[in-house]
Amino acid sequence: MYAVIRTGGKQYKVKAGDLIKVDLMEKSQGDEFDMEQVLFVSGKTSHVGEPTVSKAKVTVVLTKQG
């Protein structure tokens, strides 16, 4: 299963356990929060957003800022 999310005007393909580098966020290191700009979800069935997938979210943890 994977999802495509949008943050900072860019799109990222993510799955559980991925580490990705995104533009600066106004969060603190260690914060856990939801990304709700989910454009696509793939799994047993796929869901394409119009423009986002309704009620979909990706929970992330900010591990490092630089």
# chains A, B, ... in the order shown; residues from 1 in each chain; ligands from 1

call {"tool": "select_by_dssp", "arguments": {"residues": "chain A", "states": "strand (DSSP E or B)", "output": "PyMOL selection string"}}
result
chain A and resi 2-7+10-14+32-35+38-42+47-48+58-61

call {"tool": "write_last_selection", "arguments": {"atoms": "N, CA and C atoms", "output": "compact mmCIF listing (two decimals), in the first residue's frame"}}
result
# COMPACT_ATOMS: atom_id res chain seq x y z
N TYR A 2 0.50 2.22 -0.78
CA TYR A 2 1.21 3.49 -0.79
C TYR A 2 0.21 4.62 -1.04
N ALA A 3 0.69 5.84 -0.82
CA ALA A 3 -0.15 7.02 -1.04
C ALA A 3 0.70 8.08 -1.72
N VAL A 4 0.03 8.99 -2.39
CA VAL A 4 0.69 10.17 -2.94
C VAL A 4 0.15 11.36 -2.17
N ILE A 5 1.06 12.11 -1.54
CA ILE A 5 0.65 13.27 -0.74
C ILE A 5 1.23 14.53 -1.38
N ARG A 6 0.65 15.68 -1.00
CA ARG A 6 1.16 16.97 -1.48
C ARG A 6 1.51 17.83 -0.27
N THR A 7 2.71 18.39 -0.30
CA THR A 7 3.14 19.35 0.71
C THR A 7 4.17 20.27 0.09
N LYS A 10 4.71 20.28 -3.76
CA LYS A 10 5.30 19.11 -4.41
C LYS A 10 4.53 17.85 -4.01
N GLN A 11 4.66 16.82 -4.84
CA GLN A 11 4.00 15.55 -4.57
C GLN A 11 5.05 14.49 -4.21
N TYR A 12 4.67 13.60 -3.27
CA TYR A 12 5.57 12.55 -2.80
C TYR A 12 4.82 11.23 -2.74
N LYS A 13 5.44 10.18 -3.24
CA LYS A 13 4.90 8.83 -3.11
C LYS A 13 5.47 8.26 -1.82
N VAL A 14 4.60 7.84 -0.89
CA VAL A 14 5.05 7.37 0.42
C VAL A 14 4.38 6.05 0.79
N GLU A 32 4.20 14.53 15.91
CA GLU A 32 3.44 13.60 15.07
C GLU A 32 2.18 14.33 14.63
N PHE A 33 1.89 14.29 13.33
CA PHE A 33 0.73 15.01 12.81
C PHE A 33 0.24 14.33 11.54
N ASP A 34 -0.92 14.72 11.08
CA ASP A 34 -1.53 14.13 9.89
C ASP A 34 -1.35 15.03 8.68
N MET A 35 -1.03 14.42 7.56
CA MET A 35 -1.01 15.11 6.27
C MET A 35 -2.33 14.75 5.61
N VAL A 38 -3.97 14.18 0.60
CA VAL A 38 -3.71 12.86 0.01
C VAL A 38 -4.36 12.84 -1.37
N LEU A 39 -3.55 12.67 -2.40
CA LEU A 39 -4.03 12.73 -3.78
C LEU A 39 -4.40 11.36 -4.34
N PHE A 40 -3.77 10.30 -3.83
CA PHE A 40 -3.98 8.96 -4.35
C PHE A 40 -3.66 7.94 -3.26
N VAL A 41 -4.45 6.88 -3.17
CA VAL A 41 -4.19 5.79 -2.24
C VAL A 41 -4.28 4.49 -3.02
N SER A 42 -3.26 3.64 -2.89
CA SER A 42 -3.24 2.35 -3.55
C SER A 42 -3.21 1.27 -2.48
N HIS A 47 -7.81 4.60 -4.81
CA HIS A 47 -8.69 5.76 -4.70
C HIS A 47 -7.95 6.97 -5.25
N VAL A 48 -8.56 7.63 -6.21
CA VAL A 48 -7.98 8.82 -6.81
C VAL A 48 -8.74 10.03 -6.29
N VAL A 58 -2.35 10.73 6.08
CA VAL A 58 -1.10 10.03 6.31
C VAL A 58 -0.51 10.61 7.59
N THR A 59 -0.26 9.77 8.58
CA THR A 59 0.31 10.22 9.84
C THR A 59 1.83 10.20 9.72
N VAL A 60 2.46 11.31 10.07
CA VAL A 60 3.92 11.44 9.94
C VAL A 60 4.53 11.92 11.25
N VAL A 61 5.83 11.68 11.38
CA VAL A 61 6.61 12.17 12.52
C VAL A 61 7.78 12.95 11.97

call {"tool": "residues_around", "arguments": {"residues": "Gln29 of chain A", "least_positions_apart": "5", "cutoff": "12 Å", "atoms": "only C-alpha atoms", "output": "MDAnalysis selection string"}}
result
chainID A and resid 24 60:66

call {"tool": "atom_distance", "arguments": {"atom1": "atom CA of Asp23 of chain A", "atom2": "atom CA of Gln37 of chain A"}}
result
15.0 Å

call {"tool": "closest_residue", "arguments": {"among": "A:Gly17, A:Gly8, A:Gly30, A:Glu36", "to": "Thr52 of chain A", "atoms": "only C-alpha atoms"}}
result
A:Glu36

call {"tool": "closest_residue", "arguments": {"among": "A:Met1, A:Asp31, A:Gly49, A:Ala56", "to": "Ala16 of chain A", "atoms": "only C-alpha atoms"}}
result
A:Met1

call {"tool": "atom_distance", "arguments": {"atom1": "atom CA of Gly9 of chain A", "atom2": "atom CA of Thr45 of chain A"}}
result
26.4 Å
